[in-house]
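Asker: Got a structure for you, written out below as structure tokens; questions coming shortly.
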Amino acid sequence: MKAHRNGDEAVTEQPSLSFAGLLRQLRGEAKLTQEELAKAAGLSPRAVSDLERGINRTARKDTAMLLAGALGLAGPVGVVFVEAARGRTSALDVLAALGRSGQRPGAVRPRLWNIPARNLTFTGRDDLLAAVRERLLGGHAAVVQALHGMGGVGKTQLAAEYAHRFAGSYDLAWWINAEQGGLIGDQIADLGQALGCVPAGGGSQAVRAAVLAELRHRGRWLLIFDNAEAPVDVASWLPGDGGHVLITSRERGWDEIATPVEVDVLTRAESIEMLRRRVRRLAEADADRLAAELGHLPLAIAQAAGFMADTGIPASQYLDLLQTRSGQLLDQGEPGSYPQSLAAATVVITARLFDQDPAAAELASLCAFLAPEPIPEDLFTTAAGLLPGELAIRAADPLAWRQTLAHMARQSLARIDHRGLQMHRLTQAILRDRLTPACASATRKRTEAILAASDPGDPPDPATWARWAQLLPHVLAGDLAGTDNPALRQLVRRVCWYLIERGDARTPRDLMSNLRQQWRDRLGQDHEDTLMAAHYLAWALLEMGRYAEARDLNQDTLAGRRRVLGEDHPDTLNSAHNLALGLRMLGEVRAARDLNQDTWERQRRTQGQDHPSTLRAASNLAVDLRELGEVQAARELDHDTWERRRSVLGQDHPDTLYSAHNLAADLRELGEVQAARELDQDTWERRRSVLGQDHPDTLHSAHNLAADLRELGDLRAVNHARRPPD
């Protein structure tokens with residue numbers, strides 16, 4: 001070193017120290033090899049080597065925090081170390097902080113330690129562990145954190161992994177099984193014995209006061225209260241300042257004594273890694289399918305991996321069993337790192353809920369027969385009369401209903417937020433399996449009745465689409481092939497109508513193709529619901545451009561409906577309408593015109609000239625007239641239909657906009673291009689707003705507007721019409 005003068009003070013130049021050099025120095029002082037440091041931090045040896053060699057000059061925040069914990073750098077020293085690792089401060093500042101604190105690097109386990117053995121197959125969660133660590137180091141209220149979530153999500157594993165990763169940061173780490181609040185005191189007494197602070201012959205209050213006082217005096221300690229039931233069980237055992245506390249619990253409601261941290265399922269990548277690490281030669285595609293079916297739940301992933309590794313069962317066979325015998329399967333392959341299988345743990349939780357609140361347990365059973373997507377709360381509250389006994393009374397009372405939801409959520413059987421109730425798919429499977437056949441049948445029928453009563457309204461009306469989207473997964477999750485509820489089968493029909501209006505024809509095609517075959521076998525070829533499935537399958541095929549298939553199926557369906565329902569039944573006329581569409585698409589325009597003319601006249605006679613079905617028939621007849629060269633007649637009919645639809649349905653209804661689109665086409669063919677352009681412009685803008693810019697109808701309007709503009713010579717505007725808005 002050398003000194004030079006700067007004013008009146010002598011300034012000493014410090015030799016530079018890179019983070020790589022700092023890491024090598026601290027690792028040497030801790031007497032650790034690179035491999036040992038990597039293992040203690042939960043990192044790969046390559047990651048440590050690259051940092052020490054300067055290949056990576058800085059580290060990610062979570063990596064830096066893991067290294068700090070492995071080196072035992074706590075408090076302000078750990079904070080400065082993380083900043084240095086990220087290149088935000090000098091490595092020399094870390095040495096200065098170490099000097100002031102009196103700390104010495106080391107990854108030695110605390111002398112007072114009863115943490116369960118480390119799970120060597122622990123996977124992922126690095127970001128969550130780093131976030132927990134950062135909050136604990138932040139002090140104040142965050143020194144007590146409650147890790148909560150559903151059973152099997154890995155809360156206990158996460159707390160144990162935290163203790164092992166950051167062992168060097170603590171002088172004491174103590175694990176307390178808090179599932180039975182009355183036994184916490186005995187475990188605190190054991191801690192007092194280890195600390196040597198328990199007075200001879202002292203009662204429980206004296207023991208508690210002595211241990212908590214000792215902890216407040218010591219600092220650098222970690223307490224973990226595992227599987228706690230309620231805040232009241234833990235609150236009186238919290239020492240306050242000086243150390244850190246982690247609480248794990250299935251229940252929510254820890255805000256008053258802790259910072260809540262929700263533990264969710266694994267990421268897709270973490271699930272796949274966990275499976276492939278345990279099951280040799282498991283293909284990534286198979287691991288991906290397994291992980292998805294298991295809902296990325298850590299306990300279920302661990303059980304599946306253990307069962308497959310032990311038995312050699314192929315992934316395809318495991319997936320088949322998961323579909324048909326999930327309850328039994330999820331009681332197998334119990335991993336040593338978990339105290340119970342997923343099935344056993346879920347049954348215990350459900351039994352406890354049934355004892356505490358039978359109505360909440362009944363609600364959980366109903367949720368088990370719906371989809372694992374969010375369930376709108378008002379699905380139940382608007383159908384309170386269909387619910388059983390006490391649950392029906394509560395659904396009609398907003399306060400009692402909220403309490404019921406809270407009881408179910410407290411056991412983490414379902415997550416409840418602004419979107420509604422959401423239950424994990426495996427929890428649903430286990431709850432269904434534990435019901436007797438009679439109870440399962442009754443619960444399923446009740447759920448079907450609730451769904452059937454929830455019809456959101458007119459499927460072509462965009463105002464109903466958000467509700468249809470919420471309802472869709474729950475309808476599709478039902479036993480649609482086997483249901484005896486005609487109202488549910490009608491709801492399926494309207495779901496398909498909604499999907500086609502939204503521009504999705506493939507989902508109705510697949511759904512109705514299966515249901516048509518199953519209902520034909522079960523209900524008969526000429527049953528009205530079998531014919532309904534055929535009708536919607538034909539419509540989906542038509543929308544997909546498979547015109548010949550659609551025509552043939554529509555002809556069969558129309559013949560069946562005429563035979564079963566009669567010539568003038570609304571369903572018969574709907575089949576005639578769709579057959580005419582297919583005929584036109586195949587170039588048989590005169591046959592389409594004749595059929596549409598007959599359908600329109602029957603609709604006017606039976607349902608009135610302003611009925612939506614009558615107006616739909618009129619609109620299609622007008623298209624036939626235009627294609628046959630009767631453009632003036634088409635214009636008059638389209639204009640009349642447009643005016644009626646605006647009056648009956650409103651200006652922005654998709655059917656109204658379809659009439660506007662057709663009227664503009666008439667105007668263009670009659671040479672009134674400027675009027676066509678104005679109407680196409682308005683229709684395009686309304687369709688973008690109502691349907692979205694990528695809906696097929698919106699794109700058709702953009703195409704027609706571009707044609708108008710081109711004919712008017714406005715090429716710049718043509719390009720604008722083609723380009724989507726910013």
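Ligands are numbered from 1 in the order shown, residues from 1 within each chain, and chains are lettered A, B, ... in the order they appear in the structure tokens.
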Name the residues in contact with Gly587 in chain A at a cut-off of 12 Å, using only C-alpha atoms, excluding same-chain residues fewer than 3 positions from it; report them as a VMD selection string.
Answerer: chain A and resid 547 to 548 551 580 to 584 590 to 593 624 627 to 628
Asker: Could you give me, as a PyMOL selection string, the residues within 10 Å of Ser249 in chain A, counting only C-alpha atoms and dropping anything in the same chain fewer than 5 positions from it?
Answerer: chain A and resi 146-151+155-156+178-179+225-231+254+262+410-412
Asker: I want to know what sits within 7 Å of range 527-538 of chain A, based on only C-alpha atoms, with residues of the same chain fewer than 6 positions away left out; could you give that as a PDB file with N, CA and C atoms, in the first residue's frame?
Answerer:
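And here is the file that came out, result_39.pdb:
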ATOM      1  N   PRO A 508     -67.011 -27.892 -29.706  1.00  0.00           N
ATOM      2  CA  PRO A 508     -68.336 -28.505 -29.894  1.00  0.00           C
ATOM      3  C   PRO A 508     -68.285 -29.724 -30.821  1.00  0.00           C
ATOM      4  N   ARG A 509     -67.416 -29.686 -31.843  1.00  0.00           N
ATOM      5  CA  ARG A 509     -67.314 -30.844 -32.736  1.00  0.00           C
ATOM      6  C   ARG A 509     -66.913 -32.099 -31.953  1.00  0.00           C
ATOM      7  N   MET A 512     -69.756 -33.001 -29.154  1.00  0.00           N
ATOM      8  CA  MET A 512     -71.005 -33.544 -29.673  1.00  0.00           C
ATOM      9  C   MET A 512     -70.796 -34.821 -30.481  1.00  0.00           C
ATOM     10  N   SER A 513     -69.639 -35.010 -31.041  1.00  0.00           N
ATOM     11  CA  SER A 513     -69.346 -36.268 -31.717  1.00  0.00           C
ATOM     12  C   SER A 513     -69.392 -37.422 -30.727  1.00  0.00           C
ATOM     13  N   LEU A 515     -70.855 -37.312 -27.607  1.00  0.00           N
ATOM     14  CA  LEU A 515     -72.174 -37.418 -26.967  1.00  0.00           C
ATOM     15  C   LEU A 515     -73.218 -38.010 -27.907  1.00  0.00           C
ATOM     16  N   ARG A 516     -73.117 -37.709 -29.181  1.00  0.00           N
ATOM     17  CA  ARG A 516     -74.083 -38.274 -30.135  1.00  0.00           C
ATOM     18  C   ARG A 516     -74.011 -39.798 -30.122  1.00  0.00           C
ATOM     19  N   TRP A 519     -75.213 -41.031 -26.508  1.00  0.00           N
ATOM     20  CA  TRP A 519     -76.653 -40.874 -26.306  1.00  0.00           C
ATOM     21  C   TRP A 519     -77.442 -41.783 -27.253  1.00  0.00           C
ATOM     22  N   ARG A 520     -76.905 -42.001 -28.458  1.00  0.00           N
ATOM     23  CA  ARG A 520     -77.585 -42.903 -29.391  1.00  0.00           C
ATOM     24  C   ARG A 520     -77.644 -44.310 -28.807  1.00  0.00           C
ATOM     25  N   ALA A 550     -71.337 -31.801 -43.249  1.00  0.00           N
ATOM     26  CA  ALA A 550     -72.390 -31.068 -42.545  1.00  0.00           C
ATOM     27  C   ALA A 550     -73.731 -31.244 -43.251  1.00  0.00           C
ATOM     28  N   LEU A 553     -75.149 -34.831 -42.655  1.00  0.00           N
ATOM     29  CA  LEU A 553     -75.627 -35.009 -41.291  1.00  0.00           C
ATOM     30  C   LEU A 553     -76.874 -34.173 -41.035  1.00  0.00           C
ATOM     31  N   ASN A 554     -76.921 -32.964 -41.605  1.00  0.00           N
ATOM     32  CA  ASN A 554     -78.106 -32.117 -41.437  1.00  0.00           C
ATOM     33  C   ASN A 554     -79.329 -32.731 -42.110  1.00  0.00           C
ATOM     34  N   THR A 557     -80.534 -35.414 -39.800  1.00  0.00           N
ATOM     35  CA  THR A 557     -81.107 -34.835 -38.579  1.00  0.00           C
ATOM     36  C   THR A 557     -82.456 -34.193 -38.861  1.00  0.00           C
ATOM     37  N   SER A 575     -82.842 -27.176 -37.897  1.00  0.00           N
ATOM     38  CA  SER A 575     -82.122 -28.099 -38.761  1.00  0.00           C
ATOM     39  C   SER A 575     -82.293 -27.720 -40.233  1.00  0.00           C
TER      40      SER A 575
END
